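Novice: My file is protein.tsv. It has TSV, C-alpha atoms:
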chain	number	residue	atom	x	y	z
T	169	MET	CA	230.54	162.91	108.46
T	170	ARG	CA	233.26	160.83	110.10
T	171	GLU	CA	230.75	159.56	112.66
T	172	HIS	CA	228.53	158.23	109.85
T	173	LEU	CA	231.51	156.50	108.23
T	174	ARG	CA	232.32	154.77	111.50
T	175	PHE	CA	229.04	152.86	111.48
T	176	TYR	CA	230.86	149.77	112.74
T	177	GLN	CA	231.32	151.55	116.07
T	178	GLN	CA	227.61	152.25	116.48
T	179	ARG	CA	225.42	150.24	118.85
T	180	TRP	CA	223.00	149.27	116.08
T	181	PHE	CA	225.75	147.69	114.00
T	182	LYS	CA	227.20	145.77	116.94
T	183	ALA	CA	223.73	144.49	117.84
T	184	TRP	CA	223.07	143.42	114.25
T	185	ILE	CA	226.37	141.54	113.98
T	186	ALA	CA	225.88	139.90	117.39
T	187	LEU	CA	222.37	138.65	116.61
T	188	ILE	CA	223.30	137.39	113.13
T	189	ALA	CA	226.34	135.62	114.55
T	190	LEU	CA	224.25	134.04	117.30
T	191	SER	CA	221.63	132.88	114.79
T	192	PHE	CA	224.16	131.21	112.49
T	193	SER	CA	226.05	129.76	115.47
T	194	LEU	CA	222.86	128.10	116.68
T	195	ILE	CA	222.18	126.75	113.18
T	196	ALA	CA	225.73	125.41	112.89
T	197	MET	CA	225.60	123.83	116.35
T	198	MET	CA	222.18	122.34	115.56
T	199	GLN	CA	223.55	120.71	112.41
T	200	ALA	CA	226.61	119.45	114.24
T	201	ALA	CA	224.70	118.06	117.21
T	202	GLY	CA	221.45	117.21	115.42
T	203	ASN	CA	219.40	119.14	117.98
T	204	GLN	CA	216.34	120.37	116.03
T	205	ALA	CA	214.92	122.00	119.17
T	206	LEU	CA	217.29	124.94	118.60
T	207	LEU	CA	215.66	125.98	115.33
T	208	PRO	CA	213.06	128.38	116.82
T	209	ALA	CA	215.78	130.24	118.74
T	210	ALA	CA	218.06	130.40	115.68
T	211	PHE	CA	215.21	131.71	113.53
T	212	PHE	CA	214.14	134.27	116.14
T	213	TYR	CA	217.60	135.81	116.52
T	214	GLY	CA	218.09	135.92	112.76
T	215	ALA	CA	214.68	137.49	112.17
T	216	ALA	CA	215.20	140.03	114.94
T	217	ALA	CA	218.66	141.23	113.88
T	218	GLY	CA	217.68	143.81	111.26
T	219	PRO	CA	214.57	145.27	112.95
T	220	LEU	CA	216.23	145.59	116.38
T	221	ALA	CA	219.32	147.20	114.82
T	222	LEU	CA	217.10	149.83	113.19
T	223	LEU	CA	215.22	150.43	116.44
T	224	LEU	CA	218.53	151.06	118.21
T	225	ALA	CA	219.67	153.46	115.50
T	226	ILE	CA	216.40	155.42	115.64
T	227	HIS	CA	216.35	155.54	119.43
T	228	ASP	CA	219.94	156.77	119.56
T	229	ARG	CA	218.90	159.58	117.19
T	230	ILE	CA	215.60	160.72	118.72
T	231	HIS	CA	215.14	158.71	121.96
T	232	ILE	CA	211.58	157.65	121.11
T	233	ALA	CA	211.58	154.67	123.49
T	234	THR	CA	211.24	157.07	126.45
T	235	SER	CA	207.96	158.49	125.09
T	236	VAL	CA	205.87	155.42	126.01
T	237	PRO	CA	205.99	153.19	129.12
T	238	PRO	CA	208.18	150.11	128.54
T	239	MET	CA	205.35	147.66	129.25
T	240	THR	CA	203.16	149.39	126.66
T	241	LEU	CA	205.89	149.04	124.04
T	242	LEU	CA	206.39	145.40	124.98
T	243	GLY	CA	202.66	144.77	124.64
T	244	MET	CA	202.62	146.49	121.26
T	245	PHE	CA	205.56	144.34	120.13
T	246	LEU	CA	204.10	141.02	121.30
T	247	PHE	CA	200.34	141.48	121.11
T	248	GLY	CA	200.10	144.27	118.56
T	249	GLY	CA	202.52	142.54	116.21
T	250	GLY	CA	200.57	139.31	116.61
T	251	VAL	CA	197.23	140.98	115.88
T	252	ALA	CA	198.73	142.63	112.80
T	253	LEU	CA	200.08	139.28	111.60
T	254	LEU	CA	196.70	137.62	112.24
T	255	LEU	CA	194.84	140.23	110.18
T	256	GLY	CA	197.47	140.49	107.48
T	257	GLY	CA	197.89	136.74	107.13
T	258	TYR	CA	194.15	136.15	106.85
T	259	PHE	CA	193.51	138.77	104.18
T	260	ASP	CA	196.73	137.88	102.32
T	261	ALA	CA	195.42	134.32	101.95
T	262	LEU	CA	191.99	135.61	100.97
T	263	LEU	CA	192.99	138.27	98.43
T	264	ILE	CA	196.37	137.20	97.05
T	265	SER	CA	196.04	134.20	94.76
T	266	GLY	CA	199.74	133.48	94.44
T	267	LYS	CA	203.06	135.09	95.35
T	268	ASN	CA	204.11	135.14	91.69
T	269	SER	CA	200.87	136.65	90.38
T	270	THR	CA	200.07	140.33	90.01
T	271	SER	CA	197.71	140.00	92.97
T	272	ILE	CA	200.85	140.43	95.12
T	273	LEU	CA	200.46	144.13	94.35
T	274	ARG	CA	197.55	144.13	96.81
T	275	VAL	CA	199.86	143.27	99.71
T	276	GLY	CA	200.59	146.85	100.76
T	277	TRP	CA	196.88	147.63	100.92
T	278	ILE	CA	196.38	144.61	103.17
T	279	GLU	CA	199.36	144.54	105.52
T	280	GLU	CA	199.76	148.29	106.10
T	281	PRO	CA	196.21	148.67	107.50
T	282	ALA	CA	196.78	145.50	109.56
T	283	LYS	CA	199.89	147.01	111.19
T	284	LEU	CA	198.07	150.26	111.92
T	285	VAL	CA	195.16	148.67	113.80
T	286	PRO	CA	197.00	148.22	117.16
T	287	PRO	CA	198.51	151.77	117.27
T	288	LEU	CA	195.14	153.20	116.21
T	289	ALA	CA	193.42	151.29	119.01
T	290	VAL	CA	195.76	152.97	121.50
T	291	ALA	CA	195.21	156.39	119.89
T	292	LEU	CA	191.43	156.02	120.17
T	293	THR	CA	191.78	155.74	123.95
T	294	GLY	CA	193.24	159.26	123.97
T	295	ARG	CA	196.52	158.08	125.48
T	296	HIS	CA	200.01	158.61	124.09
T	297	LEU	CA	198.80	161.12	121.50
T	298	THR	CA	202.22	162.55	120.74
T	299	LYS	CA	204.24	162.17	117.59
T	300	ALA	CA	207.17	160.53	119.39
T	301	ALA	CA	204.85	158.07	121.13
T	302	GLY	CA	203.09	157.24	117.86
T	303	VAL	CA	206.37	156.49	116.10
T	304	ALA	CA	207.46	154.30	119.02
T	305	LEU	CA	204.16	152.39	119.00
T	306	GLY	CA	204.17	151.96	115.23
T	307	LEU	CA	207.75	150.73	115.13
T	308	SER	CA	207.12	148.30	117.99
T	309	CYS	CA	204.08	146.82	116.25
T	310	ALA	CA	205.88	146.61	112.90
T	311	THR	CA	208.89	144.97	114.56
T	312	GLY	CA	206.73	142.22	116.07
T	313	PHE	CA	205.03	141.72	112.72
T	314	ALA	CA	208.29	141.67	110.75
T	315	ILE	CA	210.08	139.24	113.07
T	316	MET	CA	207.22	136.74	113.06
T	317	GLU	CA	206.77	137.05	109.30
T	318	SER	CA	210.49	136.45	108.72
T	319	MET	CA	210.38	133.38	110.94
T	320	ALA	CA	207.43	132.10	108.89
T	321	TYR	CA	209.46	132.53	105.69
T	322	ALA	CA	212.37	130.66	107.28
T	323	TRP	CA	210.11	127.74	108.23
T	324	LYS	CA	208.67	127.75	104.71
T	325	SER	CA	212.19	127.59	103.28
T	326	LEU	CA	212.94	124.65	105.56
T	327	ALA	CA	209.75	122.90	104.45
T	328	ASN	CA	210.88	123.36	100.83
T	329	HIS	CA	213.96	121.26	101.67
T	330	ASP	CA	216.38	124.19	101.46
T	331	GLY	CA	217.97	123.08	104.73
T	332	ALA	CA	218.75	125.06	107.86
T	333	MET	CA	221.50	127.08	106.16
T	334	GLY	CA	219.08	127.98	103.35
T	335	ALA	CA	216.59	129.19	105.95
T	336	GLY	CA	219.38	131.14	107.64
T	337	THR	CA	220.18	132.82	104.33
T	338	VAL	CA	216.53	133.82	103.97
T	339	LEU	CA	216.69	135.40	107.43
T	340	LEU	CA	219.90	137.24	106.58
T	341	LEU	CA	218.42	138.70	103.40
T	342	ARG	CA	215.20	139.69	105.14
T	343	GLY	CA	217.21	141.14	107.99
T	344	LEU	CA	218.94	143.42	105.50
T	345	SER	CA	215.70	144.50	103.80
T	346	THR	CA	213.10	144.60	106.59
T	347	PRO	CA	214.48	147.73	108.32
T	348	PHE	CA	213.88	149.61	105.07
T	349	SER	CA	210.40	148.21	104.57
T	350	HIS	CA	207.91	147.17	107.25
T	351	LEU	CA	209.31	149.36	110.00
T	352	VAL	CA	209.72	152.58	108.06
T	353	TRP	CA	206.38	152.24	106.25
T	354	THR	CA	204.45	151.93	109.50
T	355	GLY	CA	206.70	154.49	111.19
T	356	LEU	CA	206.02	156.99	108.39
T	357	VAL	CA	202.23	156.74	108.70
T	358	CYS	CA	202.35	156.90	112.50
T	359	ALA	CA	204.66	159.93	112.42
T	360	VAL	CA	202.23	161.85	110.20
T	361	ALA	CA	199.09	160.60	111.95
T	362	PHE	CA	200.17	161.08	115.56
T	363	GLY	CA	201.76	164.41	114.66
T	364	ALA	CA	198.35	165.61	113.45
T	365	TRP	CA	196.54	164.02	116.37
T	366	GLN	CA	198.88	165.63	118.88
T	367	VAL	CA	197.80	169.05	117.59
T	368	ARG	CA	194.08	168.19	117.50
T	369	GLY	CA	194.03	166.24	120.74
T	370	ARG	CA	192.22	163.25	119.21
T	371	ALA	CA	192.48	160.71	116.39
T	372	VAL	CA	190.87	162.06	113.22
T	373	VAL	CA	191.21	161.36	109.51
T	374	THR	CA	193.04	164.16	107.70
T	375	LEU	CA	194.35	164.54	104.16
T	376	PRO	CA	198.03	164.24	105.22
T	377	VAL	CA	197.25	161.03	107.13
T	378	VAL	CA	195.48	159.52	104.11
T	379	ALA	CA	198.33	160.62	101.82
T	380	ALA	CA	200.96	159.04	104.11
T	381	PHE	CA	199.01	155.79	104.16
T	382	VAL	CA	198.65	155.73	100.36
T	383	VAL	CA	202.40	156.34	99.96
T	384	ALA	CA	203.30	153.58	102.45
T	385	ALA	CA	200.90	151.05	100.91
T	386	THR	CA	202.13	151.85	97.40
T	387	LEU	CA	205.79	151.50	98.39
T	388	HIS	CA	204.99	148.20	100.14
T	389	SER	CA	203.25	146.77	97.08
T	390	LEU	CA	206.02	147.98	94.76
T	391	SER	CA	208.68	146.45	96.98
T	392	ASP	CA	207.05	143.03	97.09
T	393	GLY	CA	206.16	143.14	93.40
T	394	LEU	CA	209.74	143.90	92.37
T	395	LEU	CA	211.01	141.00	94.49
T	396	VAL	CA	208.62	138.23	93.48
T	397	LEU	CA	207.15	138.97	90.05
T	398	ASP	CA	208.74	137.48	86.95
T	399	ILE	CA	210.47	140.62	85.66
T	400	PRO	CA	213.95	141.32	84.20
T	401	TRP	CA	216.77	141.62	86.73
T	402	PRO	CA	217.58	145.25	85.86
T	403	VAL	CA	213.99	146.18	86.71
T	404	ARG	CA	214.14	144.10	89.89
T	405	LEU	CA	217.02	146.26	91.10
T	406	LEU	CA	214.56	149.13	91.46
T	407	PHE	CA	213.78	147.45	94.78
T	408	LEU	CA	216.84	149.27	96.14
T	409	ALA	CA	215.40	152.61	95.04
T	410	VAL	CA	212.09	151.80	96.75
T	411	ALA	CA	213.93	150.87	99.96
T	412	ALA	CA	215.99	154.08	99.88
T	413	ALA	CA	212.90	156.21	99.20
T	414	SER	CA	211.04	154.49	102.04
T	415	TYR	CA	213.76	155.23	104.58
T	416	TRP	CA	214.23	158.79	103.30
T	417	LEU	CA	210.53	159.57	103.70
T	418	PHE	CA	210.51	158.12	107.22
T	419	HIS	CA	213.62	160.11	108.13
T	420	ARG	CA	212.06	163.35	106.86
T	421	ALA	CA	208.82	162.66	108.72
T	422	THR	CA	210.71	162.22	112.00
T	423	ARG	CA	213.49	164.79	111.64
T	424	ASP	CA	211.66	167.28	113.88
T	425	LEU	CA	211.73	164.82	116.78
T	426	LYS	CA	214.51	165.67	119.19
T	427	PRO	CA	215.87	163.84	122.24
T	428	ALA	CA	214.44	165.11	125.52
T	429	PRO	CA	216.96	167.38	127.26
T	430	THR	CA	218.93	165.73	130.03
T	431	PRO	CA	218.02	167.22	133.43
T	432	ALA	CA	220.77	169.27	134.99
T	433	PRO	CA	222.40	167.58	138.01
T	434	GLU	CA	221.31	168.78	141.44
T	435	PRO	CA	223.82	171.18	142.99
T	436	SER	CA	225.90	169.64	145.73
T	437	HIS	CA	225.35	171.01	149.23
T	438	ALA	CA	228.37	169.33	150.68
Spell out the structure here as structure tokens.
Specialist:
Amino acid sequence: MREHLRFYQQRWFKAWIALIALSFSLIAMMQAAGNQALLPAAFFYGAAAGPLALLLAIHDRIHIATSVPPMTLLGMFLFGGGVALLLGGYFDALLISGKNSTSILRVGWIEEPAKLVPPLAVALTGRHLTKAAGVALGLSCATGFAIMESMAYAWKSLANHDGAMGAGTVLLLRGLSTPFSHLVWTGLVCAVAFGAWQVRGRAVVTLPVVAAFVVAATLHSLSDGLLVLDIPWPVRLLFLAVAAASYWLFHRATRDLKPAPTPAPEPSHA
């Protein structure tokens, strides 16, 4: 229990603070020096703070990053996240008429499939069909998606004349919420799907996989709806319950994953 209370000593918290501080320092220096070229870097570090902090926390718990080659994870982050954003952005524009309309409730049924396309493409090759690998791939793809989406929101805030500090505030708020949304929704579905596929030896559609997807898409739509629809503030606070439920479900789906045992040191022959 004491270890959980000392969260400020954990690597994930130090990384989150460092990235947020770097983002706001770049914004402050940009305003002081008038160097607009620093904005992309400031937005990237701010957008990355929350997702990377969660990745560190998860890896320190179950060591999933060792289940997939580093270059594969990097490709899933850069290319997979980009493909997910391409698909999600296109169908968002096509099927959601306005952020403040009830059509926003379609968002989970658009963006969750988009984020699952890259991990599914890997699964269909028959490679990395383990639960740990699937969670690592899903989180990497969702991280790339979430960072680029947050940067897009920051640029939109800037275009709305909110100023660089206003955009930085958007990044801070999304950094606090994104780890309990995009990452855990995709991680939940991948944990269930790759867990089933590990047993069967191939990617197949099963009832638990469909159920996990429906839950993730529903939570996603509820989360966005509670944030953007014109509803009373007490109802809007249910967003916190959705975030907590999302993380709890992901944690339960991955609680059977354990760190690989550390090899015993070779005996000395000296």
Novice: Once 4 Å is added on each side, what are the centre and the three edge lengths, in Å to one decimal, of the axis-aligned box enclosing the listed atoms of stretch 376-388 of chain T? Present them as lines of an AutoDock Vina configuration file.
Specialist:
center_x = 200.6
center_y = 156.2
center_z = 102.3
size_x = 18.3
size_y = 24.0
size_z = 17.7
Novice: For T:Met198, list every protein, DNA or RNA residue within 10 Å, evaluated using all atoms listed in the file, and leave out those in the same chain fewer than 5 positions away; present the list as a PyMOL selection string.
Specialist: chain T and resi 192-193+203-207+210+332
Novice: Which polymer residues have any atom within 12 Å of an atom of T:Leu254, counting only C-alpha atoms, with same-chain residues fewer than 3 positions away left out, as a PDB file with C-alpha atoms, in the frame of the given file?
Specialist:
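Result saved to around_8.pdb:
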ATOM      1  CA  PHE T 247     200.340 141.480 121.110  1.00  0.00           C
ATOM      2  CA  GLY T 248     200.100 144.270 118.560  1.00  0.00           C
ATOM      3  CA  GLY T 249     202.520 142.540 116.210  1.00  0.00           C
ATOM      4  CA  GLY T 250     200.570 139.310 116.610  1.00  0.00           C
ATOM      5  CA  VAL T 251     197.230 140.980 115.880  1.00  0.00           C
ATOM      6  CA  GLY T 257     197.890 136.740 107.130  1.00  0.00           C
ATOM      7  CA  TYR T 258     194.150 136.150 106.850  1.00  0.00           C
ATOM      8  CA  PHE T 259     193.510 138.770 104.180  1.00  0.00           C
ATOM      9  CA  ASP T 260     196.730 137.880 102.320  1.00  0.00           C
ATOM     10  CA  ALA T 261     195.420 134.320 101.950  1.00  0.00           C
ATOM     11  CA  ILE T 278     196.380 144.610 103.170  1.00  0.00           C
ATOM     12  CA  GLU T 279     199.360 144.540 105.520  1.00  0.00           C
ATOM     13  CA  ALA T 282     196.780 145.500 109.560  1.00  0.00           C
ATOM     14  CA  LYS T 283     199.890 147.010 111.190  1.00  0.00           C
ATOM     15  CA  VAL T 285     195.160 148.670 113.800  1.00  0.00           C
ATOM     16  CA  PRO T 286     197.000 148.220 117.160  1.00  0.00           C
ATOM     17  CA  GLY T 312     206.730 142.220 116.070  1.00  0.00           C
ATOM     18  CA  PHE T 313     205.030 141.720 112.720  1.00  0.00           C
ATOM     19  CA  MET T 316     207.220 136.740 113.060  1.00  0.00           C
ATOM     20  CA  GLU T 317     206.770 137.050 109.300  1.00  0.00           C
TER      21      GLU T 317
END
Novice: Grab the atom CA of T:Leu242 to atom CA of T:Ala421 distance for me, in Å with one decimal place.
Specialist: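 Computed distance, atom CA of T:Leu242 to atom CA of T:Ala421, equals 23.8 Å.
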Novice: Using all atoms listed in the file, which residue out of T:Leu344, T:Leu375, T:Ile185, T:Val338 lies closest to T:Leu408?
Specialist: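 Ranking T:Leu344, T:Leu375, T:Ile185, T:Val338 by distance to T:Leu408, first place goes to T:Leu344.
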Novice: Quick one: pull the distance between atom CA of T:Val352 and atom CA of T:Gly334, Å, one decimal.
Specialist: 26.7 Å
Novice: Measure the distance from atom CA of T:Ser345 to atom CA of T:Leu187 in Å and round it to one decimal.
Specialist: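 Computing the Euclidean distance for atom CA of T:Ser345 and atom CA of T:Leu187 yields 15.6 Å.
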Novice: Using only C-alpha atoms, which of the listed residues (T:Ala361, T:Ala301, T:Met333, T:Ala320) sits closest to T:Ala196?
Specialist: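 Closest to T:Ala196, using only C-alpha atoms: T:Met333.
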Novice: Which is closer to T:Leu262 than all the others in T:Ala304, T:Ile195, T:Val275, T:Ala215, using only C-alpha atoms?
Specialist: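 For T:Leu262, the nearest of the given residues is T:Val275.
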Novice: Given the choices T:Leu326, T:Leu255, T:Val303, T:Val383, which gets closest to T:Cys358 if the distance is worked out from only C-alpha atoms?
Specialist: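 Of the candidates, the smallest distance to T:Cys358 is held by T:Val303.
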Novice: Which residue gives the smallest distance to T:Leu224 among T:Ala183, T:Ile188, T:Leu339, T:Ala322, with all atoms listed in the file counted?
Specialist: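 When distances to T:Leu224 are compared using all atoms listed in the file, the smallest one comes from T:Ala183.
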Novice: Complete stretch 250-274 of chain T at the level of N, CA, C and O atoms, written as a short mmCIF file (atom, residue, chain, number, x, y, z; two decimals), in the coordinates of the input.
Specialist:
data_model
loop_
_atom_site.label_atom_id
_atom_site.label_comp_id
_atom_site.auth_asym_id
_atom_site.auth_seq_id
_atom_site.Cartn_x
_atom_site.Cartn_y
_atom_site.Cartn_z
N GLY T 250 201.33 140.54 116.86
CA GLY T 250 200.57 139.31 116.61
C GLY T 250 199.22 139.58 115.98
O GLY T 250 198.79 138.87 115.06
N VAL T 251 198.53 140.61 116.46
CA VAL T 251 197.23 140.98 115.88
C VAL T 251 197.42 141.40 114.43
O VAL T 251 196.63 141.02 113.54
N ALA T 252 198.46 142.19 114.17
CA ALA T 252 198.73 142.63 112.80
C ALA T 252 199.01 141.44 111.89
O ALA T 252 198.54 141.39 110.74
N LEU T 253 199.77 140.46 112.40
CA LEU T 253 200.08 139.28 111.60
C LEU T 253 198.82 138.45 111.36
O LEU T 253 198.62 137.90 110.27
N LEU T 254 197.96 138.36 112.37
CA LEU T 254 196.70 137.62 112.24
C LEU T 254 195.84 138.23 111.14
O LEU T 254 195.34 137.53 110.25
N LEU T 255 195.66 139.55 111.18
CA LEU T 255 194.84 140.23 110.18
C LEU T 255 195.49 140.18 108.80
O LEU T 255 194.83 139.86 107.80
N GLY T 256 196.78 140.50 108.76
CA GLY T 256 197.47 140.49 107.48
C GLY T 256 197.53 139.12 106.84
O GLY T 256 197.30 138.97 105.64
N GLY T 257 197.81 138.10 107.66
CA GLY T 257 197.89 136.74 107.13
C GLY T 257 196.56 136.25 106.60
O GLY T 257 196.50 135.59 105.55
N TYR T 258 195.48 136.60 107.29
CA TYR T 258 194.15 136.15 106.85
C TYR T 258 193.78 136.78 105.50
O TYR T 258 193.38 136.08 104.56
N PHE T 259 193.93 138.10 105.42
CA PHE T 259 193.51 138.77 104.18
C PHE T 259 194.51 138.55 103.04
O PHE T 259 194.12 138.60 101.87
N ASP T 260 195.78 138.29 103.37
CA ASP T 260 196.73 137.88 102.32
C ASP T 260 196.25 136.59 101.65
O ASP T 260 196.23 136.47 100.43
N ALA T 261 195.88 135.61 102.49
CA ALA T 261 195.42 134.32 101.95
C ALA T 261 194.12 134.48 101.17
O ALA T 261 193.88 133.77 100.19
N LEU T 262 193.29 135.43 101.60
CA LEU T 262 191.99 135.61 100.97
C LEU T 262 192.08 136.36 99.64
O LEU T 262 191.37 136.05 98.69
N LEU T 263 192.99 137.35 99.57
CA LEU T 263 192.99 138.27 98.43
C LEU T 263 194.19 138.14 97.50
O LEU T 263 194.18 138.74 96.42
N ILE T 264 195.20 137.38 97.91
CA ILE T 264 196.37 137.20 97.05
C ILE T 264 196.39 135.75 96.58
O ILE T 264 196.59 134.83 97.37
N SER T 265 196.19 135.56 95.30
CA SER T 265 196.04 134.20 94.76
C SER T 265 197.35 133.45 94.69
O SER T 265 197.38 132.23 94.77
N GLY T 266 198.44 134.14 94.53
CA GLY T 266 199.74 133.48 94.44
C GLY T 266 200.84 134.51 94.53
O GLY T 266 200.70 135.64 94.05
N LYS T 267 201.97 134.13 95.16
CA LYS T 267 203.06 135.09 95.35
C LYS T 267 203.65 135.56 94.04
O LYS T 267 204.23 136.64 93.96
N ASN T 268 203.53 134.76 92.98
CA ASN T 268 204.11 135.14 91.69
C ASN T 268 203.11 135.75 90.74
O ASN T 268 203.41 135.97 89.57
N SER T 269 201.89 136.02 91.22
CA SER T 269 200.87 136.65 90.38
C SER T 269 200.80 138.14 90.69
O SER T 269 201.30 138.60 91.72
N THR T 270 200.17 138.89 89.80
CA THR T 270 200.07 140.33 90.01
C THR T 270 199.21 140.69 91.22
O THR T 270 199.22 141.84 91.66
N SER T 271 198.50 139.72 91.77
CA SER T 271 197.71 140.00 92.97
C SER T 271 198.60 140.33 94.17
O SER T 271 198.11 140.86 95.17
N ILE T 272 199.92 140.07 94.05
CA ILE T 272 200.85 140.43 95.12
C ILE T 272 200.88 141.94 95.30
O ILE T 272 201.23 142.44 96.38
N LEU T 273 200.47 142.67 94.27
CA LEU T 273 200.46 144.13 94.35
C LEU T 273 199.38 144.65 95.31
O LEU T 273 199.32 145.85 95.59
N ARG T 274 198.54 143.75 95.80
CA ARG T 274 197.55 144.13 96.81
C ARG T 274 198.14 144.11 98.22
O ARG T 274 197.51 144.59 99.17
#
